[in-house]
Amino acid sequence: MIIASLWKKTFIILYRLVPPLVRRVFWDLCLLRFLSIMPCLKQPTHFQSLILLQWPLSYLAMFWILQPLLIYLLFTSLWPLPVLYFIWFFLDWKTPEQGGRHSAWVRNWCAWTHLKNYFPITILKTKDLSPKHNYLMGVHPHGILTFGAFCNFCTEATGFSKIFPGITPHLATLSWFFKIPLVREYLMAKGVCSVSQPAIDYLLSHGTGNLVGIVVGGVGEALQSVPNTTTLILQKRKGFVRTALQHGAHLVPTFTFGETEVYEQVLFHKDSWMYKFQSCFRSIFGFYFCIFYGRGFCQGSNGLLPYSLPIITVVGEPLPLPKIEKPSREEVDKYHALYMDALCKLFDQHKTQYGCSATQKLLFV
């Protein structure tokens with residue numbers, strides 16, 4: 001009864017204090033979330049567009065609405081609620097680097113199915129992944145928002161658990177996201193983990209059947225993401241190979257066709273002030289401030305909605321690696337070269353089927 005009374009008072013106070021415009025945004029997000037967990041029915045394109053928008057809007061709502069409210073409550077009679085959360089937050093500080101906290105319920109939200117159908121997004125398996133091993137998966141290319149990797153490995157919209165039974169997927173992202181209250185819980189529920197070395201080491205050394213996906217090209221590749229390009233930042237990115245060798249994890253090459261086609265991006269010359277601003281932004285926040293656009297709600301208009309073009313993630317054959325506690329540079333270079341060869345073969349085998357020309361090649365920089 002006491003807890004119920006506290007929640008009632010919290011709601012009344014917050015409702016009165018929040019400006020009308022923010023209230024409207026909040027209720028719109030609630031409506032989208034409610035619709036997202038309804039049974040999946042065939043919906044109009046406009047509905048799918050709204051469901052697509054709830055993905056980024058959810059993070060904005062947590063950051064700009066829910067977190068300020070948590071802080072405000074510290075100065076009201078309801079202060080025990082945020083205090084309890086922050087105590088738990090600090091006690092739970094290391095969880096993102098210790099396997100995270102999957103939620104099958106969140107991963108099965110119907111919102112992700114609508115997101116999948118918007119493009120559509122599919123996953124293609126070329127070889128089975130045995131639950132007896134751990135895997136380090138290279139995700140290529142980054143694209144602008146990495147729709148393919150998110151939908152395929154952070155949700156069950158494309159049926160990952162049925163396609164790869166016994167495998168637990170994790171997709172690594174920037175570590176500082178897990179220092180943000182509420183956002184960290186939402187990320188971990190979907191199977192997102194920190195890209196830090198301790199987090200990856202933990203997953204590859206505790207049990208088997210873990211698959212850790214790393215977008216090897218990182219944010220630098222996002223800045224180069226434009227349609228009809230197959231340039232990957234991989235030539236000097238060898239840390240993931242060293243980590244795989246240290247744990248004896250199998251390397252899995254993947255390529256997502258169509259990832260770079262769903263947005264146009266405005267590119268700036270390296271001497272321009274805008275490029276310098278993007279570089280400064282990255283040094284502060286860890287990612288680039290990309291200027292991109294797609295389609296709008298009205299036919300023929302531009303906007304922030306991605307183009308509804310097919311996105312296909314092809315998961316290649318795992319490359320077995322020996323376990324070497326302290327691999328030499330030569331050993332790392334050897335398996336890095338084998339990985340690049342495997343990725344090239346994967347691309348060449350499927351490129352004509354998924355929209356690339358027969359003469360198109362992967363370019364590593």
# chains A, B, ... in the order shown; residues from 1 in each chain; ligands from 1

call {"tool": "residues_around", "arguments": {"residues": "A:Phe86", "least_positions_apart": "6", "cutoff": "10 Å", "atoms": "only C-alpha atoms", "output": "MDAnalysis selection string"}}
result
chainID A and resid 70 80 92 181

call {"tool": "write_last_selection", "arguments": {"atoms": "C-alpha atoms", "output": "compact mmCIF listing (two decimals), in the first residue's frame"}}
result
# COMPACT_ATOMS: atom_id res chain seq x y z
CA LEU A 70 14.85 11.05 -11.37
CA PRO A 80 13.60 7.26 -1.52
CA ASP A 92 25.28 -3.17 -10.32
CA PRO A 181 21.16 5.44 -15.87

call {"tool": "select_by_dssp", "arguments": {"residues": "stretch 108-346 of chain A", "states": "alpha helix (DSSP H)", "output": "ChimeraX atom specification"}}
result
/A:110-118,147-153,160-163,183-189,197-205,218-222,239-247,273-285,329-346

call {"tool": "closest_atom_pairs", "arguments": {"of": "stretch 285-328 of chain A", "to": "stretch 105-116 of chain A", "cutoff": "12 Å", "atoms": "only C-alpha atoms", "output": "CSV"}}
result
residue,atom,partner,partner_atom,distance
A:Leu305,CA,A:Leu115,CA,11.7
A:Pro306,CA,A:Leu115,CA,11.0
A:Ser308,CA,A:Lys116,CA,10.2
A:Leu309,CA,A:Lys116,CA,10.9
A:Pro310,CA,A:Lys116,CA,9.5
A:Ile311,CA,A:Lys116,CA,9.0
A:Ile312,CA,A:Lys116,CA,10.6

call {"tool": "write_last_selection", "arguments": {"atoms": "N, CA, C and O atoms", "output": "PDB file, in the first residue's frame"}}
result
ATOM      1  N   LEU A 305      13.632   9.279 -42.073  1.00  0.00           N
ATOM      2  CA  LEU A 305      13.290   7.868 -42.194  1.00  0.00           C
ATOM      3  C   LEU A 305      14.228   7.206 -43.205  1.00  0.00           C
ATOM      4  O   LEU A 305      14.512   7.790 -44.256  1.00  0.00           O
ATOM      5  N   PRO A 306      14.719   6.012 -42.926  1.00  0.00           N
ATOM      6  CA  PRO A 306      15.573   5.321 -43.904  1.00  0.00           C
ATOM      7  C   PRO A 306      14.758   4.870 -45.102  1.00  0.00           C
ATOM      8  O   PRO A 306      13.541   4.674 -45.008  1.00  0.00           O
ATOM      9  N   SER A 308      13.230   2.277 -47.539  1.00  0.00           N
ATOM     10  CA  SER A 308      12.792   0.903 -47.260  1.00  0.00           C
ATOM     11  C   SER A 308      13.354  -0.043 -48.323  1.00  0.00           C
ATOM     12  O   SER A 308      12.651  -0.489 -49.232  1.00  0.00           O
ATOM     13  N   LEU A 309      14.647  -0.328 -48.180  1.00  0.00           N
ATOM     14  CA  LEU A 309      15.357  -1.228 -49.084  1.00  0.00           C
ATOM     15  C   LEU A 309      15.795  -2.477 -48.328  1.00  0.00           C
ATOM     16  O   LEU A 309      16.075  -2.412 -47.126  1.00  0.00           O
ATOM     17  N   PRO A 310      15.871  -3.617 -48.989  1.00  0.00           N
ATOM     18  CA  PRO A 310      16.232  -4.865 -48.300  1.00  0.00           C
ATOM     19  C   PRO A 310      17.615  -4.800 -47.650  1.00  0.00           C
ATOM     20  O   PRO A 310      18.565  -4.269 -48.228  1.00  0.00           O
ATOM     21  N   ILE A 311      17.707  -5.343 -46.441  1.00  0.00           N
ATOM     22  CA  ILE A 311      18.969  -5.473 -45.712  1.00  0.00           C
ATOM     23  C   ILE A 311      19.156  -6.954 -45.389  1.00  0.00           C
ATOM     24  O   ILE A 311      18.298  -7.553 -44.731  1.00  0.00           O
ATOM     25  N   ILE A 312      20.242  -7.522 -45.859  1.00  0.00           N
ATOM     26  CA  ILE A 312      20.480  -8.962 -45.671  1.00  0.00           C
ATOM     27  C   ILE A 312      21.835  -9.170 -45.010  1.00  0.00           C
ATOM     28  O   ILE A 312      22.875  -8.786 -45.559  1.00  0.00           O
TER      29      ILE A 312
END

call {"tool": "residues_around", "arguments": {"residues": "A:Arg184", "least_positions_apart": "6", "cutoff": "10 Å", "atoms": "only C-alpha atoms", "output": "MDAnalysis selection string"}}
result
chainID A and resid 89 93 95:96 100 175:178 192:194

call {"tool": "atom_distance", "arguments": {"atom1": "atom CA of A:Lys361", "atom2": "atom CA of A:Thr158"}}
result
27.7 Å

call {"tool": "atom_distance", "arguments": {"atom1": "atom CA of A:Phe281", "atom2": "atom CA of A:Leu174"}}
result
14.7 Å

call {"tool": "closest_residue", "arguments": {"among": "A:Leu319, A:Leu60, A:Leu91, A:Leu203", "to": "A:Ala342", "atoms": "only C-alpha atoms"}}
result
A:Leu319

call {"tool": "residues_around", "arguments": {"residues": "stretch 143-148 of chain A", "least_positions_apart": "5", "cutoff": "10 Å", "atoms": "only C-alpha atoms", "output": "number ranges by chain"}}
result
A: 56, 115-116, 119-123, 153-154, 215, 217-219, 221-227, 255-265, 290-292, 306, 310-313

call {"tool": "residues_around", "arguments": {"residues": "A:Gly191", "least_positions_apart": "6", "cutoff": "9 Å", "atoms": "only C-alpha atoms", "output": "PyMOL selection string"}}
result
chain A and resi 99-103+107+153-155+168-172

call {"tool": "write_last_selection", "arguments": {"atoms": "N, CA, C and O atoms", "output": "short mmCIF file (atom, residue, chain, number, x, y, z; two decimals), in the first residue's frame"}}
result
data_model
loop_
_atom_site.label_atom_id
_atom_site.label_comp_id
_atom_site.auth_asym_id
_atom_site.auth_seq_id
_atom_site.Cartn_x
_atom_site.Cartn_y
_atom_site.Cartn_z
N GLY A 99 28.90 -10.00 -18.61
CA GLY A 99 27.89 -10.78 -19.32
C GLY A 99 26.57 -10.07 -19.54
O GLY A 99 25.74 -10.55 -20.32
N GLY A 100 26.35 -8.94 -18.87
CA GLY A 100 25.11 -8.20 -19.08
C GLY A 100 23.90 -8.90 -18.50
O GLY A 100 24.00 -9.76 -17.60
N ARG A 101 22.72 -8.56 -19.03
CA ARG A 101 21.48 -9.11 -18.48
C ARG A 101 20.44 -9.18 -19.61
O ARG A 101 19.71 -8.23 -19.88
N HIS A 102 20.39 -10.30 -20.30
CA HIS A 102 19.44 -10.50 -21.40
C HIS A 102 18.00 -10.52 -20.89
O HIS A 102 17.73 -10.99 -19.78
N SER A 103 17.09 -10.05 -21.72
CA SER A 103 15.66 -10.17 -21.43
C SER A 103 14.97 -10.73 -22.66
O SER A 103 14.88 -10.06 -23.70
N ARG A 107 13.59 -8.73 -26.13
CA ARG A 107 14.08 -9.17 -27.44
C ARG A 107 12.95 -9.66 -28.34
O ARG A 107 13.09 -9.68 -29.56
N PHE A 153 20.79 -9.48 -34.31
CA PHE A 153 21.51 -10.01 -33.15
C PHE A 153 21.02 -9.48 -31.80
O PHE A 153 21.34 -10.07 -30.77
N CYS A 154 20.26 -8.39 -31.80
CA CYS A 154 19.75 -7.82 -30.53
C CYS A 154 18.26 -8.06 -30.34
O CYS A 154 17.70 -7.65 -29.33
N THR A 155 17.63 -8.67 -31.32
CA THR A 155 16.20 -8.99 -31.22
C THR A 155 15.97 -10.40 -31.79
O THR A 155 16.87 -10.99 -32.39
N THR A 168 24.15 -17.66 -27.77
CA THR A 168 23.69 -16.41 -27.14
C THR A 168 24.41 -15.23 -27.78
O THR A 168 25.62 -15.09 -27.61
N PRO A 169 23.69 -14.39 -28.53
CA PRO A 169 24.36 -13.28 -29.24
C PRO A 169 24.53 -12.04 -28.36
O PRO A 169 23.70 -11.72 -27.52
N HIS A 170 25.62 -11.34 -28.58
CA HIS A 170 25.90 -10.05 -27.94
C HIS A 170 26.45 -9.12 -29.02
O HIS A 170 27.28 -9.54 -29.83
N LEU A 171 26.02 -7.89 -29.01
CA LEU A 171 26.55 -6.90 -29.95
C LEU A 171 27.23 -5.80 -29.14
O LEU A 171 26.61 -5.18 -28.28
N ALA A 172 28.52 -5.59 -29.38
CA ALA A 172 29.31 -4.65 -28.59
C ALA A 172 29.12 -3.22 -29.09
O ALA A 172 29.06 -2.97 -30.30
#

call {"tool": "closest_residue", "arguments": {"among": "A:Ser205, A:Ser272, A:Gln67, A:Ser196", "to": "A:Lys94", "atoms": "only C-alpha atoms"}}
result
A:Ser196

call {"tool": "atom_distance", "arguments": {"atom1": "atom CA of A:Ser357", "atom2": "atom CA of A:Gly213"}}
result
27.4 Å

call {"tool": "select_by_dssp", "arguments": {"residues": "stretch 141-281 of chain A", "states": "strand (DSSP E or B)", "output": "list in words"}}
result
Thr168, Pro169, His170, Leu171, Ala172, Thr173, Val192, Cys193, Ser194, Asn210, Leu211, Val212, Gly213, Ile214, Val215, Thr231, Leu232, His250, Leu251, Val252, Pro253, Thr254, Phe255, Thr256, Phe257, Glu264 and Gln265 of chain A

call {"tool": "closest_residue", "arguments": {"among": "A:Glu331, A:Glu97, A:Glu317, A:Glu325", "to": "A:Tyr202", "atoms": "only C-alpha atoms"}}
result
A:Glu97

call {"tool": "closest_residue", "arguments": {"among": "A:Gly239, A:Gly138, A:Ile163, A:Gln98", "to": "A:Met188", "atoms": "only C-alpha atoms"}}
result
A:Gln98

call {"tool": "decode", "arguments": {"residues": "stretch 223-236 of chain A", "atoms": "all heavy atoms", "output": "mmCIF file, in the first residue's frame"}}
result
data_model
loop_
_atom_site.group_PDB
_atom_site.id
_atom_site.type_symbol
_atom_site.label_atom_id
_atom_site.label_comp_id
_atom_site.auth_asym_id
_atom_site.auth_seq_id
_atom_site.Cartn_x
_atom_site.Cartn_y
_atom_site.Cartn_z
ATOM 1 N N LEU A 223 31.259 7.346 -40.873
ATOM 2 C CA LEU A 223 31.463 8.628 -41.537
ATOM 3 C C LEU A 223 31.687 8.455 -43.036
ATOM 4 O O LEU A 223 31.530 9.406 -43.804
ATOM 5 C CB LEU A 223 32.659 9.358 -40.921
ATOM 6 C CG LEU A 223 32.807 10.849 -41.244
ATOM 7 C CD1 LEU A 223 31.611 11.629 -40.715
ATOM 8 C CD2 LEU A 223 34.099 11.410 -40.667
ATOM 9 N N GLN A 224 32.023 7.250 -43.462
ATOM 10 C CA GLN A 224 32.250 6.977 -44.878
ATOM 11 C C GLN A 224 31.081 6.232 -45.522
ATOM 12 O O GLN A 224 31.172 5.795 -46.665
ATOM 13 C CB GLN A 224 33.528 6.151 -45.058
ATOM 14 C CG GLN A 224 34.778 6.813 -44.515
ATOM 15 C CD GLN A 224 36.016 5.942 -44.657
ATOM 16 O OE1 GLN A 224 35.990 4.905 -45.310
ATOM 17 N NE2 GLN A 224 37.110 6.358 -44.045
ATOM 18 N N SER A 225 29.999 6.092 -44.771
ATOM 19 C CA SER A 225 28.878 5.284 -45.241
ATOM 20 C C SER A 225 28.027 6.051 -46.251
ATOM 21 O O SER A 225 27.289 6.969 -45.898
ATOM 22 C CB SER A 225 28.000 4.866 -44.053
ATOM 23 O OG SER A 225 26.880 4.131 -44.492
ATOM 24 N N VAL A 226 28.143 5.676 -47.501
ATOM 25 C CA VAL A 226 27.326 6.231 -48.579
ATOM 26 C C VAL A 226 26.913 5.078 -49.489
ATOM 27 O O VAL A 226 27.584 4.037 -49.522
ATOM 28 C CB VAL A 226 28.088 7.302 -49.393
ATOM 29 C CG1 VAL A 226 28.333 8.551 -48.564
ATOM 30 C CG2 VAL A 226 29.407 6.752 -49.922
ATOM 31 N N PRO A 227 25.810 5.225 -50.208
ATOM 32 C CA PRO A 227 25.360 4.140 -51.094
ATOM 33 C C PRO A 227 26.406 3.746 -52.131
ATOM 34 O O PRO A 227 27.237 4.557 -52.546
ATOM 35 C CB PRO A 227 24.105 4.732 -51.748
ATOM 36 C CG PRO A 227 23.612 5.747 -50.773
ATOM 37 C CD PRO A 227 24.842 6.333 -50.151
ATOM 38 N N ASN A 228 26.335 2.484 -52.527
ATOM 39 C CA ASN A 228 27.187 1.930 -53.594
ATOM 40 C C ASN A 228 28.674 1.924 -53.247
ATOM 41 O O ASN A 228 29.525 1.998 -54.133
ATOM 42 C CB ASN A 228 26.968 2.692 -54.917
ATOM 43 C CG ASN A 228 25.535 2.669 -55.377
ATOM 44 O OD1 ASN A 228 24.885 1.623 -55.346
ATOM 45 N ND2 ASN A 228 25.009 3.817 -55.788
ATOM 46 N N THR A 229 28.998 1.846 -51.960
ATOM 47 C CA THR A 229 30.404 1.728 -51.567
ATOM 48 C C THR A 229 30.618 0.444 -50.769
ATOM 49 O O THR A 229 29.733 0.019 -50.022
ATOM 50 C CB THR A 229 30.864 2.916 -50.710
ATOM 51 O OG1 THR A 229 30.053 2.998 -49.531
ATOM 52 C CG2 THR A 229 30.772 4.217 -51.474
ATOM 53 N N THR A 230 31.764 -0.157 -50.942
ATOM 54 C CA THR A 230 32.112 -1.375 -50.206
ATOM 55 C C THR A 230 33.511 -1.220 -49.614
ATOM 56 O O THR A 230 34.330 -2.137 -49.664
ATOM 57 C CB THR A 230 32.050 -2.610 -51.122
ATOM 58 O OG1 THR A 230 32.809 -2.347 -52.311
ATOM 59 C CG2 THR A 230 30.621 -2.946 -51.501
ATOM 60 N N THR A 231 33.780 -0.049 -49.055
ATOM 61 C CA THR A 231 35.062 0.214 -48.416
ATOM 62 C C THR A 231 34.950 -0.061 -46.923
ATOM 63 O O THR A 231 34.068 0.488 -46.247
ATOM 64 C CB THR A 231 35.499 1.677 -48.635
ATOM 65 O OG1 THR A 231 35.602 1.918 -50.040
ATOM 66 C CG2 THR A 231 36.844 1.937 -47.975
ATOM 67 N N LEU A 232 35.829 -0.910 -46.402
ATOM 68 C CA LEU A 232 35.801 -1.291 -44.992
ATOM 69 C C LEU A 232 37.094 -0.873 -44.303
ATOM 70 O O LEU A 232 38.183 -1.047 -44.857
ATOM 71 C CB LEU A 232 35.617 -2.809 -44.848
ATOM 72 C CG LEU A 232 34.387 -3.435 -45.508
ATOM 73 C CD1 LEU A 232 34.385 -4.946 -45.275
ATOM 74 C CD2 LEU A 232 33.099 -2.813 -44.976
ATOM 75 N N ILE A 233 36.972 -0.349 -43.101
ATOM 76 C CA ILE A 233 38.155 -0.040 -42.293
ATOM 77 C C ILE A 233 38.533 -1.315 -41.544
ATOM 78 O O ILE A 233 37.923 -1.670 -40.538
ATOM 79 C CB ILE A 233 37.862 1.109 -41.307
ATOM 80 C CG1 ILE A 233 37.491 2.381 -42.082
ATOM 81 C CG2 ILE A 233 39.076 1.379 -40.420
ATOM 82 C CD1 ILE A 233 37.145 3.562 -41.194
ATOM 83 N N LEU A 234 39.508 -2.013 -42.063
ATOM 84 C CA LEU A 234 39.859 -3.327 -41.526
ATOM 85 C C LEU A 234 41.356 -3.625 -41.597
ATOM 86 O O LEU A 234 41.869 -4.425 -40.804
ATOM 87 C CB LEU A 234 39.078 -4.411 -42.284
ATOM 88 C CG LEU A 234 39.277 -5.864 -41.869
ATOM 89 C CD1 LEU A 234 38.880 -6.068 -40.400
ATOM 90 C CD2 LEU A 234 38.472 -6.799 -42.758
ATOM 91 N N GLN A 235 42.059 -2.986 -42.507
ATOM 92 C CA GLN A 235 43.460 -3.312 -42.778
ATOM 93 C C GLN A 235 44.327 -3.288 -41.516
ATOM 94 O O GLN A 235 45.168 -4.163 -41.303
ATOM 95 C CB GLN A 235 44.026 -2.340 -43.816
ATOM 96 C CG GLN A 235 45.395 -2.733 -44.364
ATOM 97 C CD GLN A 235 45.321 -3.924 -45.302
ATOM 98 O OE1 GLN A 235 44.486 -3.968 -46.186
ATOM 99 N NE2 GLN A 235 46.193 -4.901 -45.107
ATOM 100 N N LYS A 236 44.104 -2.285 -40.651
ATOM 101 C CA LYS A 236 44.926 -2.149 -39.452
ATOM 102 C C LYS A 236 44.168 -2.500 -38.174
ATOM 103 O O LYS A 236 44.725 -2.374 -37.081
ATOM 104 C CB LYS A 236 45.462 -0.720 -39.361
ATOM 105 C CG LYS A 236 46.371 -0.329 -40.526
ATOM 106 C CD LYS A 236 46.864 1.098 -40.384
ATOM 107 C CE LYS A 236 47.757 1.489 -41.552
ATOM 108 N NZ LYS A 236 48.252 2.891 -41.433
#
